[in-house]
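This is coords_9.cif (mmCIF, C-alpha atoms (C1' of nucleotides)).
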data_model
#
loop_
_atom_site.label_atom_id
_atom_site.label_comp_id
_atom_site.auth_asym_id
_atom_site.auth_seq_id
_atom_site.Cartn_x
_atom_site.Cartn_y
_atom_site.Cartn_z
CA MET A 1 73.31 92.56 85.23
CA SER A 2 72.08 95.88 86.62
CA LEU A 3 75.28 96.66 88.48
CA ARG A 4 77.16 96.59 85.19
CA HIS A 5 74.78 99.10 83.66
CA ALA A 6 74.69 101.28 86.74
CA VAL A 7 78.49 101.64 86.57
CA LEU A 8 78.40 102.16 82.83
CA GLY A 9 75.69 104.80 83.22
CA LEU A 10 77.52 106.73 85.91
CA LEU A 11 80.66 106.78 83.79
CA ALA A 12 78.59 107.96 80.83
CA ARG A 13 77.48 110.92 82.93
CA ARG A 14 81.05 111.77 83.80
CA PRO A 15 84.42 109.93 83.88
CA SER A 16 85.20 108.92 87.46
CA THR A 17 87.45 106.88 89.71
CA GLY A 18 86.18 103.83 91.56
CA TYR A 19 86.20 105.85 94.73
CA GLU A 20 84.01 108.56 93.22
CA LEU A 21 81.61 105.94 91.88
CA THR A 22 81.35 104.44 95.36
CA GLN A 23 80.34 107.81 96.72
CA THR A 24 77.79 108.39 93.97
CA PHE A 25 76.28 104.96 94.61
CA ASP A 26 75.96 105.96 98.22
CA ARG A 27 74.57 109.43 97.67
CA SER A 28 72.54 109.48 94.47
CA LEU A 29 71.88 105.81 93.75
CA ARG A 30 71.15 104.52 97.24
CA THR A 31 67.41 104.75 96.46
CA SER A 32 67.67 102.91 93.17
CA TRP A 33 70.71 100.67 93.06
CA HIS A 34 72.95 100.28 96.05
CA ALA A 35 76.48 98.86 95.76
CA ARG A 36 79.65 98.69 97.87
CA HIS A 37 83.16 99.38 96.73
CA SER A 38 83.91 95.66 96.99
CA GLN A 39 81.55 95.15 94.07
CA ILE A 40 82.49 98.26 92.15
CA TYR A 41 86.23 97.67 91.73
CA PRO A 42 85.88 94.13 90.36
CA GLU A 43 83.08 95.31 88.06
CA LEU A 44 85.30 98.07 86.68
CA ALA A 45 87.97 95.47 85.95
CA LYS A 46 85.44 93.28 84.12
CA LEU A 47 84.10 96.23 82.13
CA GLU A 48 87.62 97.18 81.15
CA ALA A 49 88.34 93.61 80.05
CA ALA A 50 85.19 93.76 77.90
CA ASP A 51 86.34 97.08 76.39
CA LEU A 52 83.22 98.87 77.57
CA VAL A 53 85.25 101.27 79.73
CA GLU A 54 88.86 102.40 79.66
CA VAL A 55 91.33 104.19 81.91
CA VAL A 56 91.40 107.80 80.78
CA GLY A 57 93.74 109.18 83.42
CA HIS A 58 95.79 108.61 86.54
CA GLY A 59 95.50 110.82 89.60
CA ALA A 60 96.88 111.12 93.11
CA ARG A 61 97.21 108.05 95.33
CA ARG A 62 97.41 105.73 92.34
CA SER A 63 93.82 106.46 91.46
CA LYS A 64 92.53 105.58 88.00
CA THR A 65 89.85 107.57 86.20
CA TYR A 66 87.61 105.49 83.96
CA GLY A 67 85.51 106.63 81.02
CA VAL A 68 83.11 104.73 78.76
CA THR A 69 84.22 103.62 75.31
CA ALA A 70 82.03 103.92 72.20
CA ALA A 71 81.17 100.23 72.64
CA GLY A 72 80.22 100.93 76.25
CA ARG A 73 77.93 103.76 75.26
CA ALA A 74 76.26 101.54 72.67
CA ALA A 75 75.79 98.73 75.20
CA LEU A 76 74.23 101.16 77.65
CA ARG A 77 71.82 102.49 75.07
CA ARG A 78 70.85 98.98 73.99
CA TRP A 79 70.09 98.03 77.56
CA LEU A 80 68.00 101.13 78.23
CA VAL A 81 66.05 101.03 74.98
CA GLU A 82 65.79 97.37 74.02
CA ALA A 83 65.96 95.24 77.16
CA GLU A 84 62.69 94.48 78.91
CA PRO A 85 62.84 96.16 82.34
CA ASP A 86 62.66 94.01 85.44
CA ARG A 87 60.06 95.87 87.52
CA SER A 88 60.64 93.92 90.73
CA GLN A 89 62.29 95.76 93.57
CA ARG A 90 64.05 95.18 96.86
CA SER A 91 63.37 97.77 99.48
CA GLU A 92 63.49 96.95 103.15
CA SER A 93 61.74 100.27 103.87
CA GLY A 94 58.92 99.31 101.53
CA LEU A 95 58.57 95.95 103.23
CA ARG A 96 58.43 97.63 106.64
CA LEU A 97 55.77 100.04 105.45
CA PHE A 98 53.79 97.11 104.10
CA LEU A 99 53.88 95.27 107.43
CA THR A 100 53.45 98.20 109.82
CA PRO A 101 49.62 97.89 110.00
CA LEU A 102 50.17 94.62 111.90
CA LEU A 103 51.45 96.58 114.91
CA ASP A 104 49.37 98.21 117.63
CA PRO A 105 48.78 101.98 117.35
CA GLY A 106 51.60 102.93 119.73
CA ASP A 107 54.33 100.99 117.93
CA ARG A 108 52.91 102.01 114.60
CA ARG A 109 53.06 105.66 115.41
CA ALA A 110 56.68 105.40 116.59
CA ILE A 111 57.64 103.80 113.29
CA TYR A 112 55.85 106.39 111.20
CA GLU A 113 57.56 109.17 113.13
CA ARG A 114 60.97 107.65 112.57
CA ASP A 115 60.16 107.42 108.86
CA LEU A 116 58.85 110.96 108.78
CA ALA A 117 62.11 112.27 110.23
CA TYR A 118 64.00 110.41 107.52
CA VAL A 119 61.77 111.71 104.72
CA GLU A 120 62.17 115.29 105.97
CA ARG A 121 65.95 114.89 105.77
CA GLU A 122 65.61 113.51 102.25
CA LEU A 123 63.45 116.42 101.21
CA ALA A 124 65.93 118.91 102.64
CA ALA A 125 68.77 117.28 100.71
CA LEU A 126 66.76 117.19 97.47
CA GLY A 127 65.77 120.85 97.95
CA GLU A 128 69.44 121.76 98.23
CA SER A 129 70.19 119.78 95.09
CA ARG A 130 67.56 121.72 93.21
CA ALA A 131 68.82 125.04 94.54
CA ARG A 132 72.39 124.20 93.48
CA MET A 133 71.18 123.28 90.00
CA ARG A 134 69.23 126.49 89.63
CA SER A 135 72.12 128.69 90.65
CA ASP A 136 74.41 126.85 88.24
CA ALA A 137 72.66 128.35 85.22
CA GLU A 138 74.06 125.49 83.13
CA PRO A 139 71.64 123.20 81.33
CA GLN A 140 70.78 120.51 83.90
CA VAL A 141 69.55 117.32 82.26
CA PHE A 142 68.97 115.63 85.61
CA GLY A 143 66.70 118.38 86.94
CA PRO A 144 63.46 116.48 86.28
CA GLN A 145 64.78 113.48 88.20
CA VAL A 146 65.38 115.64 91.26
CA GLU A 147 61.93 117.12 90.84
CA LEU A 148 60.41 113.63 90.79
CA GLY A 149 62.28 112.76 93.99
CA ILE A 150 60.84 115.84 95.66
CA ARG A 151 57.31 115.02 94.57
CA VAL A 152 57.46 111.39 95.67
CA ASN A 153 58.94 112.28 99.04
CA THR A 154 56.33 115.00 99.52
CA VAL A 155 53.54 112.47 98.97
CA LEU A 156 55.24 110.16 101.45
CA ARG A 157 55.60 112.95 104.00
CA ASP A 158 51.94 113.91 103.80
CA TRP A 159 50.84 110.30 104.02
CA LEU A 160 53.03 109.67 107.07
CA GLN A 161 51.63 112.75 108.79
CA GLU A 162 48.09 111.50 108.18
CA GLN A 163 48.94 108.06 109.55
CA ILE A 164 50.55 109.57 112.64
CA GLU A 165 47.42 111.57 113.37
CA ALA A 166 45.23 108.52 112.78
CA SER A 167 47.39 106.36 115.08
CA ALA A 168 47.29 109.04 117.77
CA ALA A 169 43.49 109.20 117.56
CA GLU A 170 43.26 105.41 117.75
CA ALA A 171 45.49 104.93 120.77
CA MET B 1 67.56 88.88 106.84
CA SER B 2 64.66 90.69 105.20
CA LEU B 3 63.33 87.62 103.44
CA ARG B 4 62.82 85.97 106.77
CA HIS B 5 60.78 88.89 108.04
CA ALA B 6 58.84 89.23 104.83
CA VAL B 7 57.68 85.62 105.14
CA LEU B 8 56.99 86.02 108.83
CA GLY B 9 55.00 89.17 108.14
CA LEU B 10 52.88 87.63 105.41
CA LEU B 11 52.05 84.69 107.66
CA ALA B 12 51.15 87.12 110.44
CA ARG B 13 48.61 88.67 108.11
CA ARG B 14 47.07 85.30 107.33
CA PRO B 15 48.20 81.64 107.52
CA SER B 16 49.24 80.47 104.06
CA THR B 17 50.89 77.73 102.05
CA GLY B 18 54.25 78.23 100.36
CA TYR B 19 52.44 78.46 97.07
CA GLU B 20 50.16 81.24 98.30
CA LEU B 21 53.15 83.12 99.69
CA THR B 22 54.86 82.86 96.32
CA GLN B 23 51.85 84.47 94.68
CA THR B 24 51.66 87.22 97.28
CA PHE B 25 55.36 87.96 96.81
CA ASP B 26 54.65 88.26 93.12
CA ARG B 27 51.51 90.37 93.38
CA SER B 28 51.69 92.55 96.47
CA LEU B 29 55.36 92.49 97.40
CA ARG B 30 56.95 92.77 93.98
CA THR B 31 57.42 96.50 94.58
CA SER B 32 59.02 96.06 97.98
CA TRP B 33 60.60 92.63 98.36
CA HIS B 34 60.67 90.18 95.51
CA ALA B 35 61.33 86.46 96.08
CA ARG B 36 60.97 83.22 94.12
CA HIS B 37 59.54 79.98 95.37
CA SER B 38 63.04 78.53 95.37
CA GLN B 39 63.83 80.87 98.23
CA ILE B 40 60.48 80.68 99.98
CA TYR B 41 60.27 76.92 100.58
CA PRO B 42 63.74 76.64 102.17
CA GLU B 43 63.02 79.73 104.27
CA LEU B 44 59.77 78.20 105.57
CA ALA B 45 61.73 75.12 106.59
CA LYS B 46 64.28 77.25 108.43
CA LEU B 47 61.57 79.28 110.17
CA GLU B 48 59.85 76.07 111.25
CA ALA B 49 63.11 74.68 112.62
CA ALA B 50 63.50 77.93 114.60
CA ASP B 51 59.94 77.58 115.95
CA LEU B 52 58.90 80.93 114.51
CA VAL B 53 56.26 79.34 112.28
CA GLU B 54 54.40 76.00 112.44
CA VAL B 55 52.27 73.84 110.19
CA VAL B 56 48.66 74.55 111.07
CA GLY B 57 46.97 72.39 108.46
CA HIS B 58 47.30 70.10 105.45
CA GLY B 59 45.36 70.64 102.24
CA ALA B 60 45.00 69.17 98.80
CA ARG B 61 48.05 68.12 96.77
CA ARG B 62 50.11 67.59 99.94
CA SER B 63 50.10 71.32 100.63
CA LYS B 64 51.02 72.58 104.08
CA THR B 65 49.52 75.70 105.62
CA TYR B 66 51.88 77.60 107.89
CA GLY B 67 51.05 80.06 110.66
CA VAL B 68 53.27 82.17 112.91
CA THR B 69 53.93 81.07 116.48
CA ALA B 70 53.93 83.45 119.46
CA ALA B 71 57.74 83.52 119.22
CA GLY B 72 57.45 84.38 115.54
CA ARG B 73 55.10 87.24 116.22
CA ALA B 74 57.47 88.57 118.89
CA ALA B 75 60.46 88.31 116.52
CA LEU B 76 58.55 90.20 113.85
CA ARG B 77 57.60 92.98 116.24
CA ARG B 78 61.19 93.27 117.50
CA TRP B 79 62.45 93.61 113.96
CA LEU B 80 59.90 96.24 112.99
CA VAL B 81 60.22 98.33 116.14
CA GLU B 82 63.79 97.89 117.32
CA ALA B 83 66.01 97.12 114.33
CA GLU B 84 67.50 100.05 112.48
CA PRO B 85 66.01 100.08 108.97
CA ASP B 86 68.31 99.64 105.99
CA ARG B 87 67.15 102.44 103.70
CA SER B 88 69.08 101.32 100.66
CA GLN B 89 67.09 99.93 97.75
CA ARG B 90 67.50 97.90 94.58
CA SER B 91 65.19 98.89 91.78
CA GLU B 92 66.14 98.39 88.17
CA SER B 93 63.28 100.71 87.17
CA GLY B 94 64.68 103.42 89.42
CA LEU B 95 68.11 102.98 87.90
CA ARG B 96 66.67 103.24 84.39
CA LEU B 97 64.79 106.40 85.30
CA PHE B 98 67.99 107.83 86.70
CA LEU B 99 69.93 107.15 83.50
CA THR B 100 67.28 108.03 80.92
CA PRO B 101 68.37 111.69 80.56
CA LEU B 102 71.54 110.38 78.89
CA LEU B 103 69.52 109.34 75.83
CA ASP B 104 68.47 111.52 72.93
CA PRO B 105 64.89 112.88 72.95
CA GLY B 106 63.50 110.16 70.67
CA ASP B 107 64.75 107.19 72.72
CA ARG B 108 63.90 109.02 75.91
CA ARG B 109 60.33 109.55 74.88
CA ALA B 110 59.89 105.88 73.92
CA ILE B 111 61.11 104.83 77.36
CA TYR B 112 58.86 107.24 79.18
CA GLU B 113 55.88 106.00 77.19
CA ARG B 114 56.63 102.39 78.01
CA ASP B 115 56.86 103.36 81.68
CA LEU B 116 53.66 105.36 81.49
CA ALA B 117 51.77 102.35 80.13
CA TYR B 118 53.11 100.30 83.04
CA VAL B 119 52.15 102.92 85.63
CA GLU B 120 48.64 103.18 84.19
CA ARG B 121 48.24 99.41 84.60
CA GLU B 122 49.50 99.67 88.17
CA LEU B 123 47.02 102.43 88.93
CA ALA B 124 44.16 100.42 87.48
CA ALA B 125 45.10 97.41 89.64
CA LEU B 126 45.42 99.57 92.75
CA GLY B 127 42.08 101.21 92.02
CA GLU B 128 40.45 97.80 91.86
CA SER B 129 42.10 96.86 95.15
CA ARG B 130 40.63 99.93 96.76
CA ALA B 131 37.18 99.29 95.31
CA ARG B 132 37.23 95.69 96.60
CA MET B 133 38.20 96.90 100.06
CA ARG B 134 35.41 99.46 100.14
CA SER B 135 32.74 97.00 99.13
CA ASP B 136 33.97 94.54 101.76
CA ALA B 137 32.70 96.74 104.59
CA GLU B 138 35.12 94.93 106.91
CA PRO B 139 37.76 96.97 108.73
CA GLN B 140 40.68 97.12 106.28
CA VAL B 141 43.97 97.78 108.05
CA PHE B 142 45.91 97.81 104.80
CA GLY B 143 43.76 100.49 103.18
CA PRO B 144 46.25 103.33 103.80
CA GLN B 145 49.01 101.32 102.10
CA VAL B 146 46.92 100.97 98.96
CA GLU B 147 46.14 104.68 99.13
CA LEU B 148 49.87 105.47 99.31
CA GLY B 149 50.50 103.27 96.29
CA ILE B 150 47.87 105.19 94.35
CA ARG B 151 49.32 108.56 95.32
CA VAL B 152 52.91 107.62 94.45
CA ASN B 153 51.90 106.16 91.10
CA THR B 154 49.78 109.21 90.34
CA VAL B 155 52.79 111.47 90.90
CA LEU B 156 54.83 109.20 88.64
CA ARG B 157 52.16 109.24 85.95
CA ASP B 158 51.94 113.03 85.93
CA TRP B 159 55.72 113.37 85.87
CA LEU B 160 56.03 110.92 82.97
CA GLN B 161 53.38 112.80 81.00
CA GLU B 162 55.31 116.04 81.52
CA GLN B 163 58.55 114.42 80.38
CA ILE B 164 56.92 112.96 77.29
CA GLU B 165 55.63 116.40 76.30
CA ALA B 166 59.03 117.94 76.96
CA SER B 167 60.80 115.27 74.88
CA ALA B 168 58.34 115.73 72.05
CA ALA B 169 58.95 119.49 72.07
CA GLU B 170 62.72 118.94 72.07
CA ALA B 171 62.82 116.47 69.21
"C1'" DA C 1 40.26 58.14 78.17
"C1'" DC C 2 43.26 62.08 77.10
"C1'" DC C 3 45.09 66.60 77.30
"C1'" DT C 4 45.96 70.90 79.21
"C1'" DT C 5 46.39 74.02 82.85
"C1'" DA C 6 46.85 75.44 87.41
"C1'" DC C 7 48.26 73.75 91.79
"C1'" DA C 8 52.08 72.49 94.85
"C1'" DT C 9 56.73 71.50 96.72
"C1'" DG C 10 61.10 70.83 96.51
"C1'" DT C 11 66.67 70.90 95.11
"C1'" DC C 12 71.03 72.25 92.68
"C1'" DT C 13 74.29 75.34 90.62
"C1'" DA C 14 75.85 79.64 89.35
"C1'" DA C 15 75.69 84.47 89.93
"C1'" DT C 16 75.37 88.28 92.88
"C1'" DC C 17 76.20 90.70 97.00
"C1'" DC C 18 77.92 91.78 101.89
"C1'" DT C 19 81.29 91.81 105.58
"C1'" DA C 20 85.62 91.86 106.92
"C1'" DC C 21 90.33 91.93 105.95
"C1'" DA C 22 94.34 94.12 103.87
"C1'" DT C 23 97.30 97.73 102.18
"C1'" DG C 24 98.92 102.02 101.10
"C1'" DT C 25 98.76 107.60 100.13
"C1'" DC C 26 98.41 112.28 101.30
"C1'" DA C 27 97.12 116.60 103.86
"C1'" DA C 28 96.26 119.07 108.06
"C1'" DG C 29 96.89 119.90 112.78
"C1'" DC C 30 99.66 119.52 116.84
"C1'" DG D 1 108.05 114.28 113.71
"C1'" DC D 2 103.59 112.18 114.74
"C1'" DT D 3 98.87 111.30 114.62
"C1'" DT D 4 94.41 111.41 112.65
"C1'" DG D 5 91.21 111.20 109.03
"C1'" DA D 6 89.93 111.25 104.36
"C1'" DC D 7 91.42 109.30 100.06
"C1'" DA D 8 92.04 105.11 97.26
"C1'" DT D 9 92.10 100.25 95.69
"C1'" DG D 10 91.88 95.79 96.17
"C1'" DT D 11 90.65 90.47 97.83
"C1'" DA D 12 88.62 86.34 100.53
"C1'" DG D 13 84.88 83.94 102.43
"C1'" DG D 14 80.29 83.53 103.41
"C1'" DA D 15 75.34 84.64 102.69
"C1'" DT D 16 71.64 85.60 99.58
"C1'" DT D 17 69.27 85.26 95.25
"C1'" DA D 18 68.07 83.63 90.46
"C1'" DG D 19 67.27 80.16 87.06
"C1'" DA D 20 66.88 75.62 85.84
"C1'" DC D 21 65.74 71.06 86.90
"C1'" DA D 22 62.64 67.71 88.93
"C1'" DT D 23 58.37 65.62 90.41
"C1'" DG D 24 53.80 64.87 91.30
"C1'" DT D 25 48.36 66.23 91.94
"C1'" DA D 26 43.81 67.60 90.72
"C1'" DA D 27 40.19 69.84 87.90
"C1'" DG D 28 37.99 70.89 83.53
"C1'" DG D 29 37.32 70.41 78.83
"C1'" DT D 30 36.89 67.40 74.74
#

Would it be possible to restate this file's structure as structure tokens?
Amino acid sequence: MSLRHAVLGLLARRPSTGYELTQTFDRSLRTSWHARHSQIYPELAKLEAADLVEVVGHGARRSKTYGVTAAGRAALRRWLVEAEPDRSQRSESGLRLFLTPLLDPGDRRAIYERDLAYVERELAALGESRARMRSDAEPQVFGPQVELGIRVNTVLRDWLQEQIEASAAEA
Amino acid sequence: MSLRHAVLGLLARRPSTGYELTQTFDRSLRTSWHARHSQIYPELAKLEAADLVEVVGHGARRSKTYGVTAAGRAALRRWLVEAEPDRSQRSESGLRLFLTPLLDPGDRRAIYERDLAYVERELAALGESRARMRSDAEPQVFGPQVELGIRVNTVLRDWLQEQIEASAAEA
DNA sequence: ACCTTACATGTCTAATCCTACATGTCAAGC
DNA sequence: GCTTGACATGTAGGATTAGACATGTAAGGT
């Protein structure tokens, strides 16, 4: 049921169209809950039928902007506060990292370098996010989340650099 | 197709029964690729039919121990080295962390404290893992992975402690 | 002997998710 | 006027995953 709450949560941040949600899933949620538009539109319809969201406006190209209802907000809070979190994850990258030691030093190093390039791009994007937030001067509730992303990716970057050096020495 | 490679990878580390794989998925892989036994047994059958794994022994309670074949090892390497990684993830915990700023300081703090307790348990388990590896004196290829787990969870712990203090100040 | 617990392997159904298909709108550039 | 690309929403069919059902084995305690 996480997709439902992901959609509900994004709409609680800000009313959006299905198209905008799809983009947010791709940009901000790809590292926590990934979803395609083919899941998002049907889910919006179900949420509307359950009166957890409602259409709050119509825009260009027959787009519909959805917002959460009071019931939706309550359901979201209940899920966050009362439901026992499922701590299991699905991350192909994590699985790859877990299995990489099985490879010989040459292959291993190539993989770590590919990952390092990716992490550097992530860090650059997160740095820009933080800069945008700072220049905004508005109160930014999601600032700490960006900060956490930066810290985690920094740890990953340093670790990858160490592994690359170790693989190079081993080869 | 990640499940297939997860199973293949675990068997490449060490020949195992379906039951042992289930436990490893639950203990070591729960943070990267979670799977139930109801997926694992059918997957083993498919892998055997494809000659990527084979039964290498029979044990008590009609258990079968599987090992990877040469073809299986080659398939695993091809996947790790040549296939483009899918960087998207599914993590309910990540989603919850992302949405927590929507709550008021009291609820927020409760959630962060629950998470902190979990992270502390994780760190304790990882610390034990590391201690076991050190006392083993054998070459431990997976040592760096444990080290990464410790570093990431340490960053998370520190971040959670900061957020708890901030929420307390705000309330 | 009996009970409980961990071991061990499977299958079935429903829910979830991905890929591809399908359709149409609007703005900008040529 | 035409083309291209981003915007925008949907559905159908197939693959993957979760949860429940089902069955049987062996060891340890009482």

**Item:** For atom CA of Leu21 of chain B and atom CA of Val146 of chain B, the interatomic separation in Å (one decimal)
**Value:** 18.9 Å

Could you give me, as a Markdown table, every chain D residue with an atom at most 10 Å from chain A, plus its closest atom pair and distance in Å to one decimal, counting all atoms listed in the file, rows ordered by chain then number?
| residue | atom | partner | partner_atom | distance |
| --- | --- | --- | --- | --- |
| D:DC7 | C1' | A:Arg61 | CA | 7.6 |
| D:DA8 | C1' | A:Ser63 | CA | 6.2 |
| D:DT9 | C1' | A:Tyr41 | CA | 7.5 |
| D:DG10 | C1' | A:Tyr41 | CA | 7.4 |
| D:DT11 | C1' | A:Ser38 | CA | 8.5 |

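Atom pair atom C1' of DC3 of chain C / atom C1' of DG28 of chain D: separated by 10.4 Å.
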
Please produce, as CSV, a per-residue contact table for chain A versus chain B (criterion: any atom at most 8 Å away, only C-alpha atoms considered), showing the nearest atom pair and its distance in Å to one decimal, sorted by chain then residue number.
residue,atom,partner,partner_atom,distance
A:Ser2,CA,B:Glu92,CA,6.6
A:Ala6,CA,B:Leu95,CA,6.9
A:Gly9,CA,B:Leu99,CA,6.2
A:Leu10,CA,B:Leu99,CA,8.0
A:Ala12,CA,B:Leu102,CA,7.7
A:Arg13,CA,B:Leu102,CA,7.2
A:Leu29,CA,B:Leu95,CA,7.5
A:Arg30,CA,B:Ser88,CA,5.1
A:Thr31,CA,B:Gln89,CA,5.0
A:Ser32,CA,B:Gly94,CA,4.8
A:Trp33,CA,B:Arg90,CA,4.5
A:His34,CA,B:Ser88,CA,6.1
A:Arg77,CA,B:Leu103,CA,7.3
A:Leu80,CA,B:Arg96,CA,6.6
A:Val81,CA,B:Ile111,CA,6.7
A:Pro85,CA,B:Ser93,CA,6.7
A:Asp86,CA,B:Glu92,CA,6.2
A:Arg87,CA,B:Ser93,CA,5.8
A:Ser88,CA,B:Arg30,CA,5.0
A:Gln89,CA,B:Ser91,CA,4.6
A:Arg90,CA,B:Trp33,CA,4.5
A:Ser91,CA,B:Gln89,CA,4.6
A:Glu92,CA,B:Asp86,CA,6.2
A:Ser93,CA,B:Arg87,CA,5.8
A:Gly94,CA,B:Ser32,CA,4.8
A:Leu95,CA,B:Ser32,CA,5.3
A:Arg96,CA,B:Leu80,CA,6.7
A:Leu97,CA,B:Gln145,CA,7.7
A:Phe98,CA,B:Gln145,CA,6.7
A:Leu99,CA,B:Gly9,CA,6.2
A:Thr100,CA,B:Leu80,CA,7.4
A:Pro101,CA,B:Val141,CA,6.0
A:Leu102,CA,B:Arg13,CA,7.2
A:Leu103,CA,B:Arg77,CA,7.2
A:Asp107,CA,B:Val81,CA,6.7
A:Ala110,CA,B:Val81,CA,7.9
A:Ile111,CA,B:Val81,CA,6.7
A:Val141,CA,B:Pro101,CA,6.0
A:Phe142,CA,B:Pro101,CA,6.4
A:Pro144,CA,B:Gln163,CA,7.9
A:Gln145,CA,B:Phe98,CA,6.7
A:Leu148,CA,B:Trp159,CA,6.8
A:Arg151,CA,B:Val155,CA,6.8
A:Val152,CA,B:Val152,CA,6.0
A:Val155,CA,B:Val152,CA,6.7
A:Leu156,CA,B:Leu148,CA,7.4
A:Trp159,CA,B:Leu148,CA,6.8
A:Gln163,CA,B:Pro144,CA,7.9

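Picked out by the PyMOL selection byres ((chain C) within 8 of (chain A)) when it runs on this file: DC17, DT25 and DC26 of chain C.
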
**Request:** Take atom CA of Arg132 of chain B and atom CA of Val68 of chain B and report the distance between them in Å, one decimal.
**Result:** 26.6 Å

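For the structure in this document, the set picked by the PyMOL selection byres ((chain C and resi 5) around 12) is DC3, DT4, DA6 and DC7 of chain C; DA26, DA27, DG28 and DG29 of chain D.
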
Apply the PyMOL selection byres ((chain C and resi 12) around 10) to the file shown and report the selected residues as a CSV table (one decimal) with C-alpha atoms (C1' of nucleotides), in the frame of the given file.
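The resulting file, result-v1.csv, is shown below:
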chain,number,residue,atom,x,y,z
C,11,DT,C1',66.7,70.9,95.1
C,13,DT,C1',74.3,75.3,90.6
C,14,DA,C1',75.8,79.6,89.4
D,20,DA,C1',66.9,75.6,85.8
D,21,DC,C1',65.7,71.1,86.9

Can you tell me, as a PDB file with C-alpha atoms, keeping the file's coordinate frame, what residues are no more than 7 Å from segment 120-131 of chain A when counting all atoms listed in the file, ignoring any on the same chain fewer than 3 positions away?
ATOM      1  CA  LEU A 116      58.850 110.960 108.780  1.00  0.00           C
ATOM      2  CA  ALA A 117      62.110 112.270 110.230  1.00  0.00           C
ATOM      3  CA  ARG A 134      69.230 126.490  89.630  1.00  0.00           C
ATOM      4  CA  SER A 135      72.120 128.690  90.650  1.00  0.00           C
ATOM      5  CA  VAL A 146      65.380 115.640  91.260  1.00  0.00           C
ATOM      6  CA  ILE A 150      60.840 115.840  95.660  1.00  0.00           C
ATOM      7  CA  ASN A 153      58.940 112.280  99.040  1.00  0.00           C
TER       8      ASN A 153
END

**DA28 of chain C surroundings by only C-alpha atoms (C1' of nucleotides), 12 Å radius, close-in-sequence under 2 positions cut, as an NGL selection string** = (:C and (26 or 30)) or (:D and (3-6))

Would you pick out the contacts of Pro105 of chain A at 8 Å or less, using all atoms listed in the file, so that residues sharing its chain but fewer than 4 positions from it are not included, and give the list as a CSV table (one decimal) with C-alpha atoms, in the coordinates of the input?
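The resulting result10.csv:
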chain,number,residue,atom,x,y,z
A,109,ARG,CA,53.1,105.7,115.4
A,167,SER,CA,47.4,106.4,115.1
A,168,ALA,CA,47.3,109.0,117.8
A,170,GLU,CA,43.3,105.4,117.8
A,171,ALA,CA,45.5,104.9,120.8
